[in-house]
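Below is target_26.cif, holding mmCIF, C-alpha atoms (C1' of nucleotides).
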data_model
loop_
_atom_site.label_atom_id
_atom_site.label_comp_id
_atom_site.auth_asym_id
_atom_site.auth_seq_id
_atom_site.Cartn_x
_atom_site.Cartn_y
_atom_site.Cartn_z
CA MET A 29 25.09 -18.66 -7.19
CA ARG A 30 21.82 -17.43 -8.56
CA ILE A 31 21.42 -13.94 -9.93
CA GLY A 32 19.89 -12.55 -6.74
CA GLU A 33 22.82 -13.76 -4.67
CA VAL A 34 25.29 -12.16 -7.08
CA ALA A 35 23.24 -8.97 -6.88
CA THR A 36 23.39 -8.97 -3.09
CA ALA A 37 27.09 -9.77 -3.08
CA THR A 38 27.97 -6.96 -5.48
CA GLY A 39 25.39 -4.34 -4.59
CA LEU A 40 24.09 -4.36 -8.17
CA THR A 41 20.52 -5.20 -9.12
CA THR A 42 19.43 -8.32 -11.00
CA LYS A 43 18.30 -5.96 -13.75
CA THR A 44 21.79 -4.57 -14.08
CA LEU A 45 23.35 -8.04 -14.19
CA ARG A 46 21.06 -9.12 -17.04
CA PHE A 47 21.79 -5.81 -18.72
CA TYR A 48 25.55 -6.42 -18.45
CA GLU A 49 25.06 -9.84 -19.98
CA ASP A 50 23.07 -8.28 -22.80
CA ARG A 51 25.83 -5.75 -23.41
CA GLY A 52 28.50 -8.43 -23.53
CA LEU A 53 30.25 -7.61 -20.25
CA LEU A 54 29.21 -10.92 -18.75
CA PRO A 55 29.23 -14.11 -20.83
CA SER A 56 25.90 -15.87 -21.38
CA ALA A 57 25.27 -17.40 -17.99
CA ASP A 58 24.89 -21.13 -17.46
CA ARG A 59 21.33 -22.13 -16.72
CA SER A 60 19.94 -24.69 -14.28
CA SER A 61 17.23 -27.03 -15.52
CA ASN A 62 14.58 -24.50 -14.52
CA GLY A 63 16.18 -21.83 -16.65
CA TYR A 64 17.63 -19.83 -13.77
CA ARG A 65 21.03 -18.23 -14.37
CA HIS A 66 23.85 -19.87 -12.45
CA TYR A 67 27.16 -18.11 -11.70
CA GLY A 68 30.59 -19.19 -10.50
CA ASP A 69 32.75 -17.18 -8.10
CA ASP A 70 34.86 -15.81 -10.96
CA THR A 71 31.84 -13.70 -11.83
CA LEU A 72 32.36 -11.70 -8.65
CA ALA A 73 35.95 -10.89 -9.65
CA ARG A 74 34.72 -9.92 -13.08
CA LEU A 75 32.06 -7.64 -11.67
CA ASP A 76 34.57 -6.07 -9.34
CA PHE A 77 36.79 -5.37 -12.34
CA ILE A 78 33.82 -3.78 -14.05
CA ARG A 79 33.16 -1.68 -10.96
CA ARG A 80 36.77 -0.50 -10.77
CA SER A 81 36.72 0.33 -14.47
CA ARG A 82 33.48 2.31 -14.08
CA VAL A 83 35.08 4.27 -11.23
CA ALA A 84 37.91 5.08 -13.65
CA GLY A 85 35.30 6.56 -15.94
CA LEU A 86 35.38 3.90 -18.64
CA THR A 87 32.19 3.25 -20.58
CA LEU A 88 30.58 -0.18 -20.64
CA ALA A 89 31.65 -0.51 -24.27
CA GLN A 90 35.27 0.15 -23.37
CA ILE A 91 35.14 -2.29 -20.48
CA ARG A 92 33.55 -4.88 -22.73
CA ASP A 93 36.43 -4.52 -25.17
CA VAL A 94 39.04 -4.96 -22.45
CA LEU A 95 37.22 -8.06 -21.24
CA LYS A 96 37.05 -9.41 -24.77
CA VAL A 97 40.83 -9.14 -25.08
CA ARG A 98 41.25 -10.80 -21.73
CA ASP A 99 38.74 -13.54 -22.57
CA GLY A 100 40.66 -14.17 -25.79
CA GLY A 101 43.54 -15.31 -23.60
CA GLN A 102 45.61 -12.18 -24.12
CA ALA A 103 46.76 -9.95 -21.31
CA PRO A 104 44.95 -6.67 -21.98
CA CYS A 105 47.82 -4.53 -20.60
CA MET A 106 48.70 -2.67 -23.78
CA HIS A 107 45.07 -2.16 -24.61
CA VAL A 108 44.30 -0.86 -21.14
CA SER A 109 47.31 1.43 -21.18
CA ALA A 110 46.26 2.98 -24.50
CA LEU A 111 42.67 3.26 -23.29
CA LEU A 112 43.73 5.10 -20.17
CA ALA A 113 45.96 7.43 -22.18
CA ASN A 114 42.99 8.28 -24.42
CA GLN A 115 40.85 8.71 -21.36
CA ILE A 116 43.28 11.26 -19.95
CA THR A 117 43.33 13.18 -23.23
CA ASP A 118 39.54 13.20 -23.28
CA LEU A 119 39.34 14.35 -19.69
CA ASP A 120 41.81 17.16 -20.31
CA ARG A 121 39.75 18.33 -23.24
CA GLN A 122 36.50 18.14 -21.28
CA ILE A 123 38.01 19.97 -18.33
CA ALA A 124 39.37 22.71 -20.58
CA GLU A 125 35.95 23.10 -22.20
CA LEU A 126 34.18 23.31 -18.88
CA VAL A 127 36.68 25.78 -17.48
CA ALA A 128 36.23 28.01 -20.51
CA LEU A 129 32.47 27.71 -20.22
CA ARG A 130 32.67 28.50 -16.52
CA SER A 131 34.57 31.65 -17.31
CA THR A 132 32.03 32.70 -19.95
CA VAL A 133 29.11 32.07 -17.65
CA ALA A 134 30.80 33.82 -14.73
CA ASP A 135 31.31 36.91 -16.90
CA LEU A 136 27.66 36.84 -17.92
CA HIS A 137 26.60 36.46 -14.33
CA ASP A 138 28.81 39.34 -13.20
CA ALA A 139 27.07 41.52 -15.78
CA THR A 140 23.64 40.61 -14.37
CA VAL A 141 24.72 41.58 -10.88
CA ALA A 142 26.12 44.98 -11.86
CA ALA A 143 23.24 45.79 -14.16
CA ASP A 144 20.88 48.54 -15.05
CA PRO A 145 17.42 46.94 -15.31
CA ALA A 146 16.39 49.50 -17.91
CA ALA A 147 18.72 47.85 -20.41
CA CYS A 148 16.45 44.78 -20.45
CA ASP A 149 14.21 46.10 -23.17
CA SER A 150 16.68 46.17 -26.01
CA GLY A 151 15.66 44.00 -28.94
CA ARG A 152 17.77 41.05 -27.92
CA ILE A 153 15.31 39.29 -25.57
CA CYS A 154 17.72 39.56 -22.67
CA SER A 155 20.63 41.96 -22.52
CA TYR A 156 22.75 39.58 -20.48
CA LEU A 157 22.80 36.60 -22.74
CA MET B 10 10.54 34.15 -44.31
CA ARG B 11 9.91 30.50 -44.85
CA ILE B 12 11.52 27.87 -42.66
CA GLY B 13 14.29 27.13 -45.14
CA GLU B 14 15.32 30.77 -45.30
CA VAL B 15 15.44 30.97 -41.51
CA ALA B 16 17.52 27.79 -41.51
CA THR B 17 19.98 29.27 -44.00
CA ALA B 18 20.12 32.57 -42.13
CA THR B 19 20.84 30.93 -38.78
CA GLY B 20 22.83 27.88 -39.82
CA LEU B 21 20.28 25.59 -38.19
CA THR B 22 18.32 22.91 -40.03
CA THR B 23 14.61 23.00 -40.74
CA LYS B 24 14.35 19.92 -38.56
CA THR B 25 15.86 21.80 -35.65
CA LEU B 26 13.52 24.76 -36.11
CA ARG B 27 10.45 22.53 -36.01
CA PHE B 28 11.97 20.77 -33.04
CA TYR B 29 12.42 24.10 -31.22
CA GLU B 30 8.81 24.95 -31.93
CA ASP B 31 7.75 21.58 -30.57
CA ARG B 32 9.78 22.18 -27.41
CA GLY B 33 8.27 25.60 -26.87
CA LEU B 34 11.34 27.71 -27.69
CA LEU B 35 9.62 29.16 -30.72
CA PRO B 36 5.93 30.10 -30.66
CA SER B 37 3.63 28.22 -33.04
CA ALA B 38 4.55 29.76 -36.36
CA ASP B 39 2.05 31.60 -38.53
CA ARG B 40 1.08 29.64 -41.62
CA SER B 41 0.50 30.76 -45.19
CA SER B 42 -2.57 29.45 -46.98
CA ASN B 43 -0.59 26.45 -48.18
CA GLY B 44 0.35 25.49 -44.63
CA TYR B 45 3.96 26.63 -44.85
CA ARG B 46 5.43 28.22 -41.72
CA HIS B 47 6.00 31.94 -42.02
CA TYR B 48 8.43 33.84 -39.78
CA GLY B 49 9.08 37.50 -39.01
CA ASP B 50 12.51 39.01 -38.47
CA ASP B 51 12.10 38.90 -34.69
CA THR B 52 12.52 35.15 -35.01
CA LEU B 53 16.14 35.66 -36.00
CA ALA B 54 16.81 37.67 -32.84
CA ARG B 55 15.10 34.97 -30.83
CA LEU B 56 17.16 32.23 -32.43
CA ASP B 57 20.32 34.22 -31.83
CA PHE B 58 19.35 34.50 -28.18
CA ILE B 59 18.85 30.74 -28.13
CA ARG B 60 22.27 30.28 -29.73
CA ARG B 61 23.97 32.54 -27.19
CA SER B 62 22.22 30.72 -24.37
CA ARG B 63 23.30 27.35 -25.75
CA VAL B 64 26.88 28.62 -25.91
CA ALA B 65 26.52 29.53 -22.24
CA GLY B 66 25.65 25.89 -21.59
CA LEU B 67 21.96 26.33 -20.84
CA THR B 68 19.62 23.48 -21.72
CA LEU B 69 16.70 23.98 -24.07
CA ALA B 70 14.34 23.65 -21.11
CA GLN B 71 16.12 26.44 -19.26
CA ILE B 72 16.11 28.67 -22.34
CA ARG B 73 12.43 27.95 -22.87
CA ASP B 74 11.70 29.09 -19.31
CA VAL B 75 13.62 32.34 -19.78
CA LEU B 76 11.74 32.98 -23.00
CA LYS B 77 8.45 32.23 -21.27
CA VAL B 78 9.18 34.89 -18.66
CA ARG B 79 10.17 37.32 -21.38
CA ASP B 80 7.11 36.48 -23.50
CA GLY B 81 4.97 37.08 -20.44
CA GLY B 82 6.07 40.71 -20.63
CA GLN B 83 8.44 40.49 -17.67
CA ALA B 84 12.12 41.25 -17.94
CA PRO B 85 13.82 37.92 -17.19
CA CYS B 86 16.85 39.55 -15.49
CA MET B 87 16.40 38.06 -12.04
CA HIS B 88 15.56 34.70 -13.46
CA VAL B 89 18.57 34.73 -15.75
CA SER B 90 20.86 35.86 -12.96
CA ALA B 91 19.75 33.00 -10.70
CA LEU B 92 20.02 30.56 -13.58
CA LEU B 93 23.58 31.62 -14.31
CA ALA B 94 24.53 31.37 -10.64
CA ASN B 95 23.22 27.80 -10.58
CA GLN B 96 25.04 27.09 -13.78
CA ILE B 97 28.33 28.22 -12.23
CA THR B 98 27.76 26.00 -9.20
CA ASP B 99 27.04 23.06 -11.47
CA LEU B 100 30.09 23.73 -13.58
CA ASP B 101 32.33 23.96 -10.52
CA ARG B 102 31.03 20.62 -9.32
CA GLN B 103 31.50 19.00 -12.72
CA ILE B 104 34.99 20.39 -13.07
CA ALA B 105 35.96 19.16 -9.61
CA GLU B 106 34.64 15.69 -10.47
CA LEU B 107 36.52 15.55 -13.73
CA VAL B 108 39.75 16.78 -12.17
CA ALA B 109 39.50 14.10 -9.49
CA LEU B 110 38.78 11.48 -12.14
CA ARG B 111 41.68 12.71 -14.22
CA SER B 112 43.97 12.24 -11.27
CA THR B 113 42.69 8.70 -10.64
CA VAL B 114 43.08 7.73 -14.27
CA ALA B 115 46.52 9.31 -14.52
CA ASP B 116 47.67 7.24 -11.54
CA LEU B 117 46.32 4.10 -13.14
CA HIS B 118 48.02 4.95 -16.40
CA ASP B 119 51.35 5.63 -14.69
CA ALA B 120 51.13 2.16 -13.19
CA THR B 121 50.65 0.58 -16.63
CA VAL B 122 53.72 2.35 -17.96
CA ALA B 123 56.00 1.29 -15.13
CA ALA B 124 54.71 -2.25 -15.07
CA ASP B 125 55.84 -5.82 -14.90
CA PRO B 126 53.85 -7.69 -17.57
CA ALA B 127 54.03 -10.88 -15.54
CA ALA B 128 51.66 -9.36 -13.00
CA CYS B 129 48.85 -9.49 -15.56
CA ASP B 130 47.78 -12.99 -14.63
CA SER B 131 46.63 -12.36 -11.10
CA GLY B 132 42.99 -13.29 -10.57
CA ARG B 133 41.69 -9.77 -11.09
CA ILE B 134 41.32 -9.71 -14.88
CA CYS B 135 43.71 -6.81 -15.21
CA SER B 136 46.21 -5.80 -12.55
CA TYR B 137 46.01 -2.12 -13.49
CA LEU B 138 42.36 -1.49 -12.98
"C1'" DC C 10 -3.25 -25.46 -1.82
"C1'" DT C 11 -2.02 -21.08 -1.25
"C1'" DG C 12 1.09 -17.54 -0.48
"C1'" DC C 13 5.49 -15.64 -1.09
"C1'" DA C 14 10.02 -14.88 -2.82
"C1'" DC C 15 12.46 -15.71 -6.54
"C1'" DC C 16 13.29 -16.31 -11.39
"C1'" DT C 17 12.23 -15.69 -16.70
"C1'" DT C 18 11.37 -12.65 -21.03
"C1'" DC C 19 10.11 -8.57 -23.35
"C1'" DC C 20 8.79 -3.88 -23.99
"C1'" DA C 21 8.87 0.75 -22.73
"C1'" DC C 22 10.81 4.67 -20.50
"C1'" DT C 23 14.27 8.12 -18.42
"C1'" DA C 24 17.29 12.77 -20.09
"C1'" DC C 25 19.38 15.38 -23.97
"C1'" DA C 26 19.18 17.52 -28.51
"C1'" DC C 27 18.50 16.32 -32.33
"C1'" DT C 28 18.53 13.39 -36.91
"C1'" DG C 29 16.69 10.24 -40.59
"C1'" DG C 30 13.28 8.73 -43.34
"C1'" DA C 31 8.67 7.77 -45.22
"C1'" DA C 32 4.67 9.49 -47.48
"C1'" DG C 33 2.68 13.17 -49.34
"C1'" DG C 34 1.38 18.37 -50.68
"C1'" DT C 35 3.02 22.95 -53.28
"C1'" DC C 36 5.09 25.78 -56.57
"C1'" DA C 37 7.98 27.71 -60.26
"C1'" DA C 38 10.83 26.62 -64.31
"C1'" DG C 39 11.62 24.29 -68.64
"C1'" DC D 20 3.60 17.76 -67.93
"C1'" DT D 21 7.34 16.70 -65.46
"C1'" DT D 22 11.24 17.63 -62.69
"C1'" DG D 23 13.18 19.42 -58.65
"C1'" DA D 24 13.25 22.14 -54.68
"C1'" DC D 25 10.58 23.24 -51.30
"C1'" DC D 26 7.24 22.28 -47.58
"C1'" DT D 27 4.04 19.22 -44.33
"C1'" DT D 28 3.29 15.44 -40.61
"C1'" DC D 29 4.51 11.53 -38.00
"C1'" DC D 30 7.30 7.78 -36.38
"C1'" DA D 31 11.62 5.98 -35.09
"C1'" DG D 32 16.42 6.02 -33.89
"C1'" DT D 33 20.99 7.96 -31.97
"C1'" DG D 34 24.07 7.09 -27.27
"C1'" DT D 35 24.48 6.17 -22.08
"C1'" DA D 36 23.39 3.13 -18.32
"C1'" DG D 37 20.28 1.46 -16.65
"C1'" DT D 38 15.02 1.33 -14.38
"C1'" DG D 39 10.03 -0.02 -14.21
"C1'" DG D 40 6.55 -2.99 -14.97
"C1'" DA D 41 3.73 -6.71 -17.08
"C1'" DA D 42 2.92 -11.54 -17.57
"C1'" DG D 43 4.22 -15.78 -16.36
"C1'" DG D 44 7.19 -19.98 -14.44
"C1'" DT D 45 9.57 -22.25 -10.02
"C1'" DG D 46 10.26 -23.76 -5.47
"C1'" DC D 47 9.56 -23.99 -0.60
"C1'" DA D 48 6.89 -23.16 3.87
"C1'" DG D 49 2.72 -23.39 6.35
#

Rewrite the structure of this file - the entire thing - as structure tokens.
Amino acid sequence: MRIGEVATATGLTTKTLRFYEDRGLLPSADRSSNGYRHYGDDTLARLDFIRRSRVAGLTLAQIRDVLKVRDGGQAPCMHVSALLANQITDLDRQIAELVALRSTVADLHDATVAADPAACDSGRICSYL
Amino acid sequence: MRIGEVATATGLTTKTLRFYEDRGLLPSADRSSNGYRHYGDDTLARLDFIRRSRVAGLTLAQIRDVLKVRDGGQAPCMHVSALLANQITDLDRQIAELVALRSTVADLHDATVAADPAACDSGRICSYL
DNA sequence: CTGCACCTTCCACTACACTGGAAGGTCAAG
DNA sequence: CTTGACCTTCCAGTGTAGTGGAAGGTGCAG
């Protein structure tokens, strides 16, 4: 398959496919005599793996590392398991931060709603923030 | 005060202060005859406002707009109130996304823990993702 | 032979908030 | 007079995941 066909089959753009190659998620593609990239069907499975991994919130760098393990002939199970565990820890931290921020902002907003406009001219630019 | 003193007083770097000026959060500073920036004490209040706004998760562009309203002589109350309301909506959306993602990733991780390593060699690169 | 779709590379740009470094001017102390 | 701590400007890079466009080669139909 040429790059455009892979793009159509996966819903990605040719730009993105070249970008993935550049970032090491796809191996350097075989070329026909005219220089066009040429892909086998295994590429579609690989791109679907990349898609699933993206949906799971992994970065391209993380996905690249998993693929590198796999391409080295090793089953990436342990690696993937550890990666997902880290991912969960990260997500919990991010969620906690956002929830705390939400609470802070909600308090600030409540103050703006129940406010005396005259207070606006204190020396702190805005009395609500 | 010179820029270094402001930096020390606020805990920011001189780089950041020049950057804020460039982005319109600080007005073009007065200069001494040698070209050095020269700040009044009101700058500290302004930078503290910027700090509080940053803590509330506002972007520099949003803070700049609030300051522009304020510098125009208007009390930015209504503007700030609307901004905070938007911010809460955004945060709720982000939190919901992260919670959903956390659930997806947790399910994937559970599968890796309770797994049969032999399944790793199916044609999908990694059977867990 | 000309148009069109397709492919190639390379460079720049997006948003965000800085940060690093080069090259040079200023000022007080020793 | 030199050292060192300041200050100035400007350019470039960080990380993320691409996107946009220029300039040019390839291959097939009409």

Distance filter 9 Å, all atoms listed in the file, chain B against chain D, as a PDB file with C-alpha atoms, keeping the file's coordinate frame:
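File written: out36.pdb
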ATOM      1  CA  ILE B  12      11.520  27.870 -42.660  1.00  0.00           C
ATOM      2  CA  GLY B  13      14.290  27.130 -45.140  1.00  0.00           C
ATOM      3  CA  ASN B  43      -0.590  26.450 -48.180  1.00  0.00           C
ATOM      4  CA  GLY B  44       0.350  25.490 -44.630  1.00  0.00           C
ATOM      5  CA  TYR B  45       3.960  26.630 -44.850  1.00  0.00           C
ATOM      6  CA  ARG B  46       5.430  28.220 -41.720  1.00  0.00           C
TER       7      ARG B  46
END

inquiry  = Using the chain letters and numbers from this file, what does the PyMOL selection byres ((chain B) within 8 of (chain C)) select? Give the answer as a VMD selection string.
reply    = chain B and resid 24 to 25 28 43

For the selection you just gave me, I'd like the residues written to a file as a PDB file, in the coordinates of the input, keeping C-alpha atoms.
ATOM      1  CA  LYS B  24      14.350  19.920 -38.560  1.00  0.00           C
ATOM      2  CA  THR B  25      15.860  21.800 -35.650  1.00  0.00           C
ATOM      3  CA  PHE B  28      11.970  20.770 -33.040  1.00  0.00           C
ATOM      4  CA  ASN B  43      -0.590  26.450 -48.180  1.00  0.00           C
TER       5      ASN B  43
END

task = Tell me which protein, DNA and RNA residues are within 9 Å of stretch 126-131 of chain A, counting all atoms listed in the file, leaving out same-chain ones fewer than 2 positions away, and put them as a VMD selection string.
result = (chain A and resid 121 to 124 133 to 136) or (chain B and resid 64 to 66 96 to 97 100 to 101 103 to 104)

Chain B least-squares fitted onto chain A over all paired Cα atoms, as a tab-separated table (two decimals) with C-alpha atoms, keeping the file's coordinate frame:
chain	number	residue	atom	x	y	z
B	10	MET	CA	24.90	-18.26	-7.00
B	11	ARG	CA	21.66	-17.11	-8.47
B	12	ILE	CA	21.29	-13.67	-10.00
B	13	GLY	CA	19.70	-12.17	-6.89
B	14	GLU	CA	22.58	-13.29	-4.71
B	15	VAL	CA	25.09	-11.78	-7.12
B	16	ALA	CA	23.04	-8.59	-7.10
B	17	THR	CA	23.10	-8.46	-3.30
B	18	ALA	CA	26.80	-9.27	-3.17
B	19	THR	CA	27.74	-6.55	-5.65
B	20	GLY	CA	25.13	-3.90	-4.92
B	21	LEU	CA	23.91	-4.03	-8.51
B	22	THR	CA	20.36	-4.91	-9.54
B	23	THR	CA	19.31	-8.07	-11.32
B	24	LYS	CA	18.24	-5.84	-14.17
B	25	THR	CA	21.75	-4.47	-14.47
B	26	LEU	CA	23.31	-7.94	-14.43
B	27	ARG	CA	21.09	-9.11	-17.28
B	28	PHE	CA	21.85	-5.87	-19.06
B	29	TYR	CA	25.61	-6.48	-18.69
B	30	GLU	CA	25.16	-9.96	-20.11
B	31	ASP	CA	23.22	-8.51	-23.02
B	32	ARG	CA	26.00	-6.00	-23.67
B	33	GLY	CA	28.67	-8.67	-23.62
B	34	LEU	CA	30.35	-7.72	-20.33
B	35	LEU	CA	29.28	-10.98	-18.76
B	36	PRO	CA	29.35	-14.25	-20.71
B	37	SER	CA	26.02	-16.01	-21.27
B	38	ALA	CA	25.33	-17.42	-17.84
B	39	ASP	CA	24.94	-21.13	-17.18
B	40	ARG	CA	21.36	-22.12	-16.46
B	41	SER	CA	19.91	-24.56	-13.96
B	42	SER	CA	17.24	-26.96	-15.16
B	43	ASN	CA	14.56	-24.41	-14.31
B	44	GLY	CA	16.19	-21.78	-16.52
B	45	TYR	CA	17.59	-19.69	-13.68
B	46	ARG	CA	21.01	-18.12	-14.27
B	47	HIS	CA	23.78	-19.69	-12.24
B	48	TYR	CA	27.06	-17.90	-11.50
B	49	GLY	CA	30.46	-18.94	-10.17
B	50	ASP	CA	32.58	-16.87	-7.81
B	51	ASP	CA	34.75	-15.61	-10.68
B	52	THR	CA	31.76	-13.52	-11.68
B	53	LEU	CA	32.21	-11.42	-8.57
B	54	ALA	CA	35.82	-10.65	-9.50
B	55	ARG	CA	34.67	-9.79	-12.99
B	56	LEU	CA	31.97	-7.47	-11.72
B	57	ASP	CA	34.44	-5.82	-9.38
B	58	PHE	CA	36.73	-5.24	-12.35
B	59	ILE	CA	33.79	-3.70	-14.18
B	60	ARG	CA	33.08	-1.50	-11.16
B	61	ARG	CA	36.69	-0.33	-10.93
B	62	SER	CA	36.71	0.39	-14.65
B	63	ARG	CA	33.48	2.37	-14.38
B	64	VAL	CA	35.01	4.39	-11.55
B	65	ALA	CA	37.90	5.13	-13.91
B	66	GLY	CA	35.35	6.57	-16.33
B	67	LEU	CA	35.47	3.83	-18.94
B	68	THR	CA	32.31	3.14	-20.92
B	69	LEU	CA	30.71	-0.29	-20.94
B	70	ALA	CA	31.84	-0.74	-24.54
B	71	GLN	CA	35.45	-0.05	-23.59
B	72	ILE	CA	35.26	-2.42	-20.62
B	73	ARG	CA	33.70	-5.08	-22.83
B	74	ASP	CA	36.63	-4.78	-25.24
B	75	VAL	CA	39.19	-5.15	-22.45
B	76	LEU	CA	37.35	-8.20	-21.17
B	77	LYS	CA	37.23	-9.64	-24.68
B	78	VAL	CA	41.01	-9.38	-24.94
B	79	ARG	CA	41.38	-10.95	-21.52
B	80	ASP	CA	38.87	-13.71	-22.31
B	81	GLY	CA	40.81	-14.42	-25.48
B	82	GLY	CA	43.68	-15.50	-23.23
B	83	GLN	CA	45.77	-12.39	-23.86
B	84	ALA	CA	46.87	-10.07	-21.09
B	85	PRO	CA	45.09	-6.79	-21.87
B	86	CYS	CA	47.95	-4.62	-20.50
B	87	MET	CA	48.85	-2.82	-23.71
B	88	HIS	CA	45.24	-2.33	-24.60
B	89	VAL	CA	44.41	-0.97	-21.17
B	90	SER	CA	47.42	1.33	-21.20
B	91	ALA	CA	46.42	2.83	-24.55
B	92	LEU	CA	42.82	3.12	-23.39
B	93	LEU	CA	43.84	5.01	-20.28
B	94	ALA	CA	46.09	7.33	-22.28
B	95	ASN	CA	43.15	8.16	-24.54
B	96	GLN	CA	40.97	8.63	-21.53
B	97	ILE	CA	43.40	11.19	-20.09
B	98	THR	CA	43.46	13.09	-23.38
B	99	ASP	CA	39.67	13.12	-23.45
B	100	LEU	CA	39.45	14.27	-19.87
B	101	ASP	CA	41.92	17.09	-20.46
B	102	ARG	CA	39.86	18.27	-23.40
B	103	GLN	CA	36.62	18.08	-21.45
B	104	ILE	CA	38.11	19.90	-18.50
B	105	ALA	CA	39.48	22.65	-20.73
B	106	GLU	CA	36.05	23.06	-22.34
B	107	LEU	CA	34.28	23.26	-19.02
B	108	VAL	CA	36.78	25.73	-17.60
B	109	ALA	CA	36.33	27.97	-20.63
B	110	LEU	CA	32.56	27.68	-20.31
B	111	ARG	CA	32.76	28.44	-16.62
B	112	SER	CA	34.63	31.61	-17.39
B	113	THR	CA	32.07	32.67	-20.01
B	114	VAL	CA	29.17	32.01	-17.69
B	115	ALA	CA	30.86	33.73	-14.77
B	116	ASP	CA	31.32	36.85	-16.90
B	117	LEU	CA	27.68	36.77	-17.89
B	118	HIS	CA	26.64	36.33	-14.29
B	119	ASP	CA	28.83	39.22	-13.12
B	120	ALA	CA	27.05	41.41	-15.65
B	121	THR	CA	23.64	40.46	-14.24
B	122	VAL	CA	24.74	41.37	-10.73
B	123	ALA	CA	26.09	44.79	-11.66
B	124	ALA	CA	23.18	45.62	-13.90
B	125	ASP	CA	20.76	48.36	-14.73
B	126	PRO	CA	17.31	46.71	-14.89
B	127	ALA	CA	16.15	49.28	-17.42
B	128	ALA	CA	18.44	47.72	-20.01
B	129	CYS	CA	16.25	44.62	-20.07
B	130	ASP	CA	13.94	45.94	-22.75
B	131	SER	CA	16.39	46.16	-25.60
B	132	GLY	CA	15.33	44.07	-28.58
B	133	ARG	CA	17.46	41.08	-27.64
B	134	ILE	CA	15.11	39.25	-25.28
B	135	CYS	CA	17.57	39.47	-22.42
B	136	SER	CA	20.44	41.94	-22.28
B	137	TYR	CA	22.64	39.55	-20.31
B	138	LEU	CA	22.77	36.64	-22.67

What box, with edges along x, y and z, holds each listed atom of stretch 44-48 of chain D when 3 Å is added on every side, and can you state its centre and edge lengths in Å to one decimal, as JSON?
{"center_x": 8.6, "center_y": -22.0, "center_z": -5.3, "size_x": 9.4, "size_y": 10.0, "size_z": 24.3}

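Atom CA of B:His118 is found 6.0 Å from atom CA of A:Ser109.
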
task = Please indicate the distance in Å from atom CA of A:Thr36 to atom CA of A:Tyr48, rounded to one decimal place.
result =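 So the answer is 15.7 Å.
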
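Going from atom CA of A:Met29 to atom CA of A:Ile91 covers 23.4 Å.
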
task = Using the chain letters and residue numbers of this document, give as a ChimeraX atom specification the residues selected by the PyMOL selection byres ((chain A and resi 49) around 12).
result = /A:31,42-48,50-58,65,67,71,74-75,88,92

query = Quick one: of A:Thr117, A:Ser81, A:Gln90, A:Glu125, who's nearest to chain B, counting all atoms listed in the file?
reply =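 Closest residue, counting all atoms listed in the file: A:Ser81.
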